>>> print(open('work.cif').read())   # mmCIF, C-alpha atoms
data_model
#
loop_
_atom_site.group_PDB
_atom_site.id
_atom_site.type_symbol
_atom_site.label_atom_id
_atom_site.label_comp_id
_atom_site.auth_asym_id
_atom_site.auth_seq_id
_atom_site.Cartn_x
_atom_site.Cartn_y
_atom_site.Cartn_z
ATOM 1 C CA MET A 1 -4.480 128.568 129.369
ATOM 2 C CA THR A 2 -5.796 131.991 128.440
ATOM 3 C CA GLU A 3 -7.430 131.595 125.059
ATOM 4 C CA GLN A 4 -7.140 134.385 122.492
ATOM 5 C CA ARG A 5 -9.082 134.966 119.322
ATOM 6 C CA ALA A 6 -7.486 133.511 116.171
ATOM 7 C CA ILE A 7 -8.938 136.393 114.104
ATOM 8 C CA THR A 8 -7.436 139.832 114.644
ATOM 9 C CA GLU A 9 -10.027 142.511 115.360
ATOM 10 C CA ASP A 10 -8.657 145.115 112.943
ATOM 11 C CA THR A 11 -8.123 142.981 109.844
ATOM 12 C CA GLY A 12 -10.376 139.974 110.352
ATOM 13 C CA ARG A 13 -7.475 137.746 109.332
ATOM 14 C CA VAL A 14 -6.211 134.604 110.989
ATOM 15 C CA ASP A 15 -3.334 135.062 113.450
ATOM 16 C CA PRO A 16 -1.463 131.736 113.728
ATOM 17 C CA THR A 17 0.310 132.806 116.942
ATOM 18 C CA ALA A 18 -2.938 133.204 118.874
ATOM 19 C CA ALA A 19 -4.172 130.623 121.380
ATOM 20 C CA ILE A 20 -0.893 128.730 121.412
ATOM 21 C CA ALA A 21 -0.873 126.076 124.087
ATOM 22 C CA PRO A 22 2.602 125.295 125.470
ATOM 23 C CA GLY A 23 3.251 121.580 125.216
ATOM 24 C CA GLY A 24 0.334 121.117 122.819
ATOM 25 C CA ILE A 25 0.600 119.643 119.313
ATOM 26 C CA ILE A 26 2.483 121.065 116.332
ATOM 27 C CA VAL A 27 1.167 120.673 112.787
ATOM 28 C CA ALA A 28 3.320 121.766 109.864
ATOM 29 C CA PHE A 29 1.765 121.823 106.401
ATOM 30 C CA ASP A 30 3.347 121.423 103.017
ATOM 31 C CA ILE A 31 1.737 123.825 100.536
ATOM 32 C CA ASP A 32 1.696 122.353 97.029
ATOM 33 C CA GLY A 33 -0.935 119.631 96.768
ATOM 34 C CA VAL A 34 -2.041 120.302 100.340
ATOM 35 C CA VAL A 35 -2.993 123.984 100.580
ATOM 36 C CA ARG A 36 -3.413 124.519 96.842
ATOM 37 C CA ASP A 37 -4.011 122.319 93.822
ATOM 38 C CA VAL A 38 -0.945 122.602 91.593
ATOM 39 C CA GLY A 39 -2.048 120.070 88.969
ATOM 40 C CA GLY A 40 -2.741 122.877 86.495
ATOM 41 C CA SER A 41 0.076 125.179 87.609
ATOM 42 C CA TYR A 42 3.372 123.805 88.934
ATOM 43 C CA ARG A 43 2.911 120.464 87.212
ATOM 44 C CA ARG A 44 1.728 122.116 84.029
ATOM 45 C CA ALA A 45 4.777 124.407 84.096
ATOM 46 C CA LEU A 46 6.972 121.352 84.682
ATOM 47 C CA ALA A 47 5.525 119.573 81.648
ATOM 48 C CA ASP A 48 5.842 122.751 79.536
ATOM 49 C CA THR A 49 9.477 123.076 80.556
ATOM 50 C CA VAL A 50 10.376 119.501 79.722
ATOM 51 C CA GLU A 51 8.613 119.799 76.384
ATOM 52 C CA HIS A 52 10.480 123.021 75.570
ATOM 53 C CA PHE A 53 13.935 121.715 76.506
ATOM 54 C CA THR A 54 13.416 118.455 74.603
ATOM 55 C CA ARG A 55 12.564 120.565 71.546
ATOM 56 C CA GLY A 56 8.971 119.401 71.566
ATOM 57 C CA ALA A 57 9.863 115.721 71.490
ATOM 58 C CA TYR A 58 8.607 114.778 74.951
ATOM 59 C CA ARG A 59 5.919 116.024 77.325
ATOM 60 C CA PRO A 60 5.668 114.001 80.554
ATOM 61 C CA SER A 61 2.248 112.757 81.618
ATOM 62 C CA PRO A 62 0.940 113.274 85.175
ATOM 63 C CA GLU A 63 1.631 109.591 85.835
ATOM 64 C CA GLU A 64 5.260 109.963 84.720
ATOM 65 C CA ILE A 65 5.716 112.988 86.945
ATOM 66 C CA ASP A 66 4.236 111.018 89.853
ATOM 67 C CA ARG A 67 6.657 108.168 89.222
ATOM 68 C CA LEU A 68 9.589 110.571 89.350
ATOM 69 C CA LYS A 69 8.271 112.188 92.531
ATOM 70 C CA GLY A 70 7.779 108.694 93.944
ATOM 71 C CA GLU A 71 11.552 108.284 94.021
ATOM 72 C CA GLY A 72 11.494 110.639 97.002
ATOM 73 C CA VAL A 73 14.271 113.044 95.967
ATOM 74 C CA TRP A 74 12.680 115.308 93.332
ATOM 75 C CA ASN A 75 10.697 117.713 95.504
ATOM 76 C CA ASN A 76 12.159 120.730 93.651
ATOM 77 C CA ASP A 77 10.192 121.063 90.408
ATOM 78 C CA TRP A 78 13.038 122.874 88.629
ATOM 79 C CA GLU A 79 15.365 119.971 89.349
ATOM 80 C CA ALA A 80 12.618 117.499 88.465
ATOM 81 C CA SER A 81 12.160 119.225 85.099
ATOM 82 C CA ARG A 82 15.870 119.028 84.353
ATOM 83 C CA GLU A 83 15.998 115.375 85.398
ATOM 84 C CA LEU A 84 13.192 114.426 83.009
ATOM 85 C CA VAL A 85 14.922 116.294 80.185
ATOM 86 C CA TYR A 86 18.144 114.411 80.852
ATOM 87 C CA ARG A 87 16.379 111.060 81.067
ATOM 88 C CA HIS A 88 14.664 111.694 77.747
ATOM 89 C CA PHE A 89 17.969 112.339 75.974
ATOM 90 C CA GLU A 90 19.686 109.461 77.758
ATOM 91 C CA ALA A 91 17.013 107.190 76.276
ATOM 92 C CA GLN A 92 18.195 108.456 72.870
ATOM 93 C CA GLY A 93 21.767 107.355 73.610
ATOM 94 C CA LEU A 94 23.174 110.669 74.831
ATOM 95 C CA VAL A 95 24.907 111.262 78.150
ATOM 96 C CA ARG A 96 24.427 114.182 80.493
ATOM 97 C CA GLY A 97 27.230 116.731 80.712
ATOM 98 C CA VAL A 98 29.056 117.911 83.770
ATOM 99 C CA SER A 99 27.676 121.448 83.983
ATOM 100 C CA PRO A 100 26.526 124.292 81.712
ATOM 101 C CA ASP A 101 29.694 126.323 82.451
ATOM 102 C CA GLN A 102 32.029 123.533 81.304
ATOM 103 C CA PRO A 103 30.998 122.997 77.655
ATOM 104 C CA THR A 104 34.414 121.660 76.712
ATOM 105 C CA GLN A 105 33.597 118.514 78.651
ATOM 106 C CA CYS A 106 30.514 117.858 76.538
ATOM 107 C CA LEU A 107 31.234 115.966 73.315
ATOM 108 C CA ASP A 108 28.992 115.091 70.360
ATOM 109 C CA ASN A 109 27.073 112.440 72.314
ATOM 110 C CA CYS A 110 26.493 114.729 75.292
ATOM 111 C CA ILE A 111 23.574 116.908 76.371
ATOM 112 C CA LEU A 112 23.818 119.886 78.707
ATOM 113 C CA VAL A 113 20.851 121.747 80.178
ATOM 114 C CA ASN A 114 21.412 125.352 81.217
ATOM 115 C CA TYR A 115 19.770 125.351 84.620
ATOM 116 C CA GLU A 116 19.345 129.123 84.851
ATOM 117 C CA GLU A 117 17.575 129.204 81.490
ATOM 118 C CA LEU A 118 15.381 126.288 82.537
ATOM 119 C CA VAL A 119 14.369 128.019 85.787
ATOM 120 C CA ALA A 120 13.620 131.259 83.938
ATOM 121 C CA PHE A 121 11.396 129.449 81.437
ATOM 122 C CA PHE A 122 9.586 127.557 84.223
ATOM 123 C CA GLN A 123 8.979 130.754 86.204
ATOM 124 C CA GLN A 124 7.661 132.550 83.136
ATOM 125 C CA ARG A 125 5.065 129.842 82.755
ATOM 126 C CA TYR A 126 4.262 129.576 86.458
ATOM 127 C CA ARG A 127 4.388 133.204 87.614
ATOM 128 C CA GLY A 128 3.790 134.813 84.238
ATOM 129 C CA THR A 129 5.380 137.546 82.178
ATOM 130 C CA ASP A 130 4.748 140.439 84.594
ATOM 131 C CA PRO A 131 7.162 140.336 87.567
ATOM 132 C CA VAL A 132 4.947 142.621 89.660
ATOM 133 C CA HIS A 133 1.403 141.558 88.825
ATOM 134 C CA TRP A 134 1.683 137.833 88.297
ATOM 135 C CA ASN A 135 -0.379 136.532 85.391
ATOM 136 C CA GLY A 136 0.777 132.934 85.029
ATOM 137 C CA TYR A 137 -0.582 129.567 86.042
ATOM 138 C CA ILE A 138 -0.310 130.458 89.744
ATOM 139 C CA CYS A 139 -3.363 132.710 89.381
ATOM 140 C CA GLU A 140 -5.549 129.698 88.554
ATOM 141 C CA GLU A 141 -4.732 127.455 91.531
ATOM 142 C CA PRO A 142 -7.778 126.181 93.475
ATOM 143 C CA LEU A 143 -7.415 126.310 97.255
ATOM 144 C CA LEU A 144 -7.673 123.070 99.224
ATOM 145 C CA LEU A 145 -8.157 124.508 102.698
ATOM 146 C CA SER A 146 -9.680 127.620 104.233
ATOM 147 C CA ALA A 147 -8.687 130.147 106.847
ATOM 148 C CA ALA A 148 -11.717 128.998 108.852
ATOM 149 C CA TYR A 149 -10.203 125.504 109.070
ATOM 150 C CA LEU A 150 -6.966 126.915 110.439
ATOM 151 C CA GLU A 151 -8.956 128.861 113.015
ATOM 152 C CA THR A 152 -10.459 125.605 114.311
ATOM 153 C CA LEU A 153 -6.934 124.330 114.901
ATOM 154 C CA THR A 154 -5.951 127.484 116.762
ATOM 155 C CA GLN A 155 -9.051 127.306 118.933
ATOM 156 C CA ALA A 156 -8.143 123.714 119.794
ATOM 157 C CA GLY A 157 -4.680 124.785 120.967
ATOM 158 C CA VAL A 158 -2.829 123.381 117.957
ATOM 159 C CA LEU A 159 0.299 125.235 116.830
ATOM 160 C CA TRP A 160 0.474 125.395 113.035
ATOM 161 C CA GLY A 161 2.754 126.665 110.313
ATOM 162 C CA PHE A 162 4.103 125.832 106.867
ATOM 163 C CA PHE A 163 7.231 124.120 105.537
ATOM 164 C CA SER A 164 7.325 124.051 101.747
ATOM 165 C CA GLY A 165 9.719 123.573 98.862
ATOM 166 C CA ALA A 166 7.950 126.419 97.056
ATOM 167 C CA THR A 167 9.717 129.752 96.725
ATOM 168 C CA THR A 168 8.959 132.341 99.397
ATOM 169 C CA GLY A 169 7.157 134.551 96.884
ATOM 170 C CA SER A 170 4.948 131.751 95.630
ATOM 171 C CA ALA A 171 4.186 130.491 99.139
ATOM 172 C CA ARG A 172 3.332 133.913 100.523
ATOM 173 C CA TYR A 173 1.163 134.625 97.486
ATOM 174 C CA VAL A 174 -1.161 131.762 98.365
ATOM 175 C CA LEU A 175 -0.966 132.101 102.155
ATOM 176 C CA GLU A 176 -1.314 135.864 102.463
ATOM 177 C CA LYS A 177 -2.993 137.074 99.278
ATOM 178 C CA ARG A 178 -5.278 134.101 98.648
ATOM 179 C CA LEU A 179 -5.985 132.830 102.179
ATOM 180 C CA GLY A 180 -5.628 136.180 103.941
ATOM 181 C CA LEU A 181 -3.237 134.990 106.647
ATOM 182 C CA THR A 182 -1.205 137.576 108.512
ATOM 183 C CA ALA A 183 2.536 136.763 108.562
ATOM 184 C CA PRO A 184 2.100 132.996 108.969
ATOM 185 C CA VAL A 185 5.028 130.900 110.145
ATOM 186 C CA LEU A 186 6.711 129.787 106.926
ATOM 187 C CA VAL A 187 9.928 128.053 105.980
ATOM 188 C CA ALA A 188 10.295 128.030 102.182
ATOM 189 C CA MET A 189 12.806 127.036 99.492
ATOM 190 C CA GLU A 190 15.232 129.867 100.226
ATOM 191 C CA ASP A 191 15.293 129.105 103.951
ATOM 192 C CA ALA A 192 16.369 125.458 104.142
ATOM 193 C CA PRO A 193 17.721 122.485 102.169
ATOM 194 C CA GLY A 194 15.217 120.631 100.034
ATOM 195 C CA LYS A 195 13.174 117.736 101.335
ATOM 196 C CA PRO A 196 13.631 114.988 102.452
ATOM 197 C CA ASP A 197 16.226 116.866 104.512
ATOM 198 C CA PRO A 198 14.289 117.672 107.720
ATOM 199 C CA THR A 199 16.167 120.899 108.516
ATOM 200 C CA GLY A 200 13.289 123.082 107.347
ATOM 201 C CA LEU A 201 10.860 121.116 109.499
ATOM 202 C CA PHE A 202 13.077 121.707 112.524
ATOM 203 C CA GLN A 203 13.155 125.424 111.705
ATOM 204 C CA THR A 204 9.368 125.517 111.506
ATOM 205 C CA ILE A 205 9.099 123.850 114.915
ATOM 206 C CA ALA A 206 11.528 126.361 116.429
ATOM 207 C CA LEU A 207 9.464 129.275 115.100
ATOM 208 C CA LEU A 208 6.232 127.821 116.474
ATOM 209 C CA GLN A 209 7.692 126.744 119.816
ATOM 210 C CA PRO A 210 10.783 128.820 120.670
ATOM 211 C CA GLN A 211 11.085 127.067 124.030
ATOM 212 C CA SER A 212 11.724 123.616 122.641
ATOM 213 C CA ASP A 213 9.852 120.743 124.255
ATOM 214 C CA GLU A 214 10.669 117.333 122.798
ATOM 215 C CA SER A 215 7.522 115.881 124.316
ATOM 216 C CA THR A 216 5.411 117.921 121.891
ATOM 217 C CA PRO A 217 4.177 115.699 119.022
ATOM 218 C CA VAL A 218 4.870 116.991 115.520
ATOM 219 C CA ILE A 219 2.642 116.214 112.546
ATOM 220 C CA TYR A 220 3.881 116.972 109.053
ATOM 221 C CA VAL A 221 1.235 117.009 106.319
ATOM 222 C CA GLY A 222 2.347 116.436 102.740
ATOM 223 C CA ASP A 223 1.379 114.875 99.431
ATOM 224 C CA THR A 224 4.650 113.324 98.256
ATOM 225 C CA VAL A 225 7.050 110.566 99.182
ATOM 226 C CA ALA A 226 9.686 113.216 99.939
ATOM 227 C CA ASP A 227 7.339 114.729 102.536
ATOM 228 C CA MET A 228 6.950 111.378 104.290
ATOM 229 C CA TYR A 229 10.689 110.694 104.092
ATOM 230 C CA THR A 230 11.234 114.059 105.776
ATOM 231 C CA VAL A 231 9.320 112.790 108.804
ATOM 232 C CA VAL A 232 11.224 109.503 108.757
ATOM 233 C CA ASN A 233 14.536 111.370 108.699
ATOM 234 C CA ALA A 234 13.442 113.696 111.499
ATOM 235 C CA LYS A 235 12.547 110.676 113.626
ATOM 236 C CA GLN A 236 15.986 109.170 113.061
ATOM 237 C CA LEU A 237 17.698 112.345 114.262
ATOM 238 C CA TYR A 238 15.397 113.007 117.236
ATOM 239 C CA PRO A 239 13.848 109.657 118.194
ATOM 240 C CA HIS A 240 12.500 110.855 121.551
ATOM 241 C CA ARG A 241 9.958 113.239 119.991
ATOM 242 C CA PRO A 242 6.706 111.815 118.560
ATOM 243 C CA TRP A 243 6.786 112.361 114.773
ATOM 244 C CA ILE A 244 3.748 111.708 112.584
ATOM 245 C CA GLY A 245 3.494 111.836 108.815
ATOM 246 C CA VAL A 246 0.076 112.541 107.344
ATOM 247 C CA GLY A 247 -0.389 111.984 103.637
ATOM 248 C CA VAL A 248 -2.854 113.918 101.488
ATOM 249 C CA LEU A 249 -3.981 112.737 98.069
ATOM 250 C CA PRO A 250 -3.513 115.572 95.557
ATOM 251 C CA PRO A 251 -6.579 116.164 93.383
ATOM 252 C CA HIS A 252 -5.022 114.887 90.159
ATOM 253 C CA VAL A 253 -4.605 111.343 91.546
ATOM 254 C CA GLN A 254 -8.234 111.164 92.660
ATOM 255 C CA GLU A 255 -9.507 111.090 89.078
ATOM 256 C CA SER A 256 -9.527 107.281 89.049
ATOM 257 C CA PRO A 257 -9.935 104.701 91.850
ATOM 258 C CA GLU A 258 -6.821 102.844 90.707
ATOM 259 C CA ARG A 259 -4.524 105.868 90.859
ATOM 260 C CA LYS A 260 -6.053 106.975 94.123
ATOM 261 C CA THR A 261 -5.426 103.582 95.742
ATOM 262 C CA SER A 262 -1.934 103.237 94.301
ATOM 263 C CA TYR A 263 -0.865 106.727 95.349
ATOM 264 C CA GLY A 264 -2.233 106.235 98.856
ATOM 265 C CA GLU A 265 -0.354 102.969 99.214
ATOM 266 C CA THR A 266 2.838 104.684 98.085
ATOM 267 C CA LEU A 267 2.474 107.366 100.766
ATOM 268 C CA THR A 268 1.753 104.728 103.411
ATOM 269 C CA GLN A 269 4.825 102.718 102.421
ATOM 270 C CA ALA A 270 6.880 105.904 102.657
ATOM 271 C CA GLY A 271 5.786 106.406 106.264
ATOM 272 C CA ALA A 272 2.361 108.061 106.375
ATOM 273 C CA ALA A 273 0.364 107.176 109.495
ATOM 274 C CA ILE A 274 -2.863 107.999 107.656
ATOM 275 C CA VAL A 275 -3.767 109.210 104.164
ATOM 276 C CA LEU A 276 -6.555 111.751 103.655
ATOM 277 C CA GLU A 277 -8.466 112.822 100.570
ATOM 278 C CA ASN A 278 -8.440 116.437 101.746
ATOM 279 C CA VAL A 279 -6.320 118.196 104.339
ATOM 280 C CA GLU A 280 -9.363 119.476 106.230
ATOM 281 C CA GLY A 281 -10.022 115.860 107.211
ATOM 282 C CA LEU A 282 -7.205 116.440 109.699
ATOM 283 C CA THR A 283 -9.575 117.752 112.354
ATOM 284 C CA PRO A 284 -8.539 118.593 115.935
ATOM 285 C CA ASP A 285 -9.984 115.253 117.077
ATOM 286 C CA VAL A 286 -7.986 113.326 114.478
ATOM 287 C CA ILE A 287 -4.841 115.292 115.403
ATOM 288 C CA LYS A 288 -5.251 114.391 119.059
ATOM 289 C CA GLN A 289 -5.883 110.732 118.243
ATOM 290 C CA LEU A 290 -2.700 110.607 116.150
ATOM 291 C CA ALA A 291 -0.708 112.278 118.926
ATOM 292 C CA ILE A 292 -1.990 109.816 121.509
ATOM 293 C CA ALA A 293 -1.135 106.858 119.267
ATOM 294 C CA ALA A 294 2.390 108.198 118.680
ATOM 295 C CA ALA A 295 3.135 108.950 122.322
#
>>> encode(input="work.cif", output="structure tokens")
Amino acid sequence: MTEQRAITEDTGRVDPTAAIAPGGIIVAFDIDGVVRDVGGSYRRALADTVEHFTRGAYRPSPEEIDRLKGEGVWNNDWEASRELVYRHFEAQGLVRGVSPDQPTQCLDNCILVNYEELVAFFQQRYRGTDPVHWNGYICEEPLLLSAAYLETLTQAGVLWGFFSGATTGSARYVLEKRLGLTAPVLVAMEDAPGKPDPTGLFQTIALLQPQSDESTPVIYVGDTVADMYTVVNAKQLYPHRPWIGVGVLPPHVQESPERKTSYGETLTQAGAAIVLENVEGLTPDVIKQLAIAAA
């Protein structure tokens, strides 16, 4: 294999298509909770949204949000916000309506949440009030990996990219503006069905390895049950390819040993082969060991 530099000479930025080894190993990363800490951004916006749409009566705790995410189907934070609003009102004896555009079907004991208004409120908190120069919670997100780490993967012949439930704008903000990556392989919310549907993972693989080779192991790195279920579902559809789920503990669950242990066990039960405290613990050596074990 002819090895190329992972840093382009003119920009000094990481080029994820450099040094690709045919038949090597593919690693796809989730973004939220893996690349960036969203405890004070996405999750804060989620809690703000629920509080607003319950008229200040209920603000979910981080533990309550984790329990919802642990169900494995609430990867979309807009939908998760709406679900928590509905559950709050259901606990008060109300029932959820059919849809915001059918108010005649909602009687006195019914609650309807206008999804478009909910999304707009969430985005105002998360992105901010300026649509061009974002000034919301997203600007305060700590990074959990570095471009230098990704370069070590490239130099080891690992193909890498990103599959995330975040919007394209949000994902590219962190990958390109914050990390300085040049046009990284990315499949985002607008590109594929939400997790645990594995379609977006398949799309990421196709972008990284256009000449498909089912012998190439695929590692998907995520911090939620839905991420691990995505790997499980991919394995069911294409059982001949080695699929490996790697769990990462998001920073907010590492604040106490009990939550850290419980969250790690949840990811393992959902299908994670290993659980790491930080994504950069997934070194080239660890990647190769996982691929060998899955072969």
>>> residues_around(input="work.cif", residues="A:Val158", least_positions_apart="3", cutoff="8 Å", atoms="all atoms listed in the file", output="ChimeraX atom specification")
/A:20-21,24-27,153-155,284
>>> resolve_selection(input="work.cif", expression="the PyMOL selection byres ((chain A and resi 38) around 12)", output="compact mmCIF listing (two decimals) with C-alpha atoms, keeping the file's coordinate frame")
# COMPACT_ATOMS: atom_id res chain seq x y z
CA ILE A 31 1.74 123.82 100.54
CA ASP A 32 1.70 122.35 97.03
CA GLY A 33 -0.94 119.63 96.77
CA VAL A 34 -2.04 120.30 100.34
CA VAL A 35 -2.99 123.98 100.58
CA ARG A 36 -3.41 124.52 96.84
CA ASP A 37 -4.01 122.32 93.82
CA GLY A 39 -2.05 120.07 88.97
CA GLY A 40 -2.74 122.88 86.50
CA SER A 41 0.08 125.18 87.61
CA TYR A 42 3.37 123.80 88.93
CA ARG A 43 2.91 120.46 87.21
CA ARG A 44 1.73 122.12 84.03
CA ALA A 45 4.78 124.41 84.10
CA LEU A 46 6.97 121.35 84.68
CA PRO A 62 0.94 113.27 85.18
CA ASP A 77 10.19 121.06 90.41
CA TYR A 126 4.26 129.58 86.46
CA TYR A 137 -0.58 129.57 86.04
CA ILE A 138 -0.31 130.46 89.74
CA CYS A 139 -3.36 132.71 89.38
CA GLU A 140 -5.55 129.70 88.55
CA GLU A 141 -4.73 127.46 91.53
CA PRO A 142 -7.78 126.18 93.48
CA LEU A 143 -7.42 126.31 97.26
CA LEU A 144 -7.67 123.07 99.22
CA ALA A 166 7.95 126.42 97.06
CA SER A 170 4.95 131.75 95.63
CA VAL A 174 -1.16 131.76 98.36
CA ASP A 223 1.38 114.88 99.43
CA PRO A 250 -3.51 115.57 95.56
CA PRO A 251 -6.58 116.16 93.38
CA HIS A 252 -5.02 114.89 90.16
CA VAL A 253 -4.61 111.34 91.55
>>> atom_distance(input="work.cif", atom1="atom CA of A:Ala272", atom2="atom CA of A:Met228")
6.0 Å
>>> residues_around(input="work.cif", residues="A:Arg55", least_positions_apart="4", cutoff="12 Å", atoms="only C-alpha atoms", output="MDAnalysis selection string")
chainID A and resid 48:51 59 85 88:89
>>> residues_around(input="work.cif", residues="A:Ile274", least_positions_apart="6", cutoff="8 Å", atoms="only C-alpha atoms", output="NGL selection string")
:A and (245-247 or 268)
>>> residues_around(input="work.cif", residues="A:Asn109", least_positions_apart="5", cutoff="10 Å", atoms="only C-alpha atoms", output="MDAnalysis selection string")
chainID A and resid 89:90 92:97
>>> atom_distance(input="work.cif", atom1="atom CA of A:Gln289", atom2="atom CA of A:Lys195")
26.4 Å
>>> resolve_selection(input="work.cif", expression="the PyMOL selection byres ((chain A and resi 79) around 12)", output="PyMOL selection string")
chain A and resi 46+49-50+68-69+73-78+80-86+113-116+118-119+122+165+194
>>> atom_distance(input="work.cif", atom1="atom CA of A:Ser262", atom2="atom CA of A:Val232")
20.5 Å
>>> closest_residue(input="work.cif", among="A:Gln269, A:Gly281, A:Ala295, A:Asp227", to="A:Pro242", atoms="all atoms listed in the file")
A:Ala295
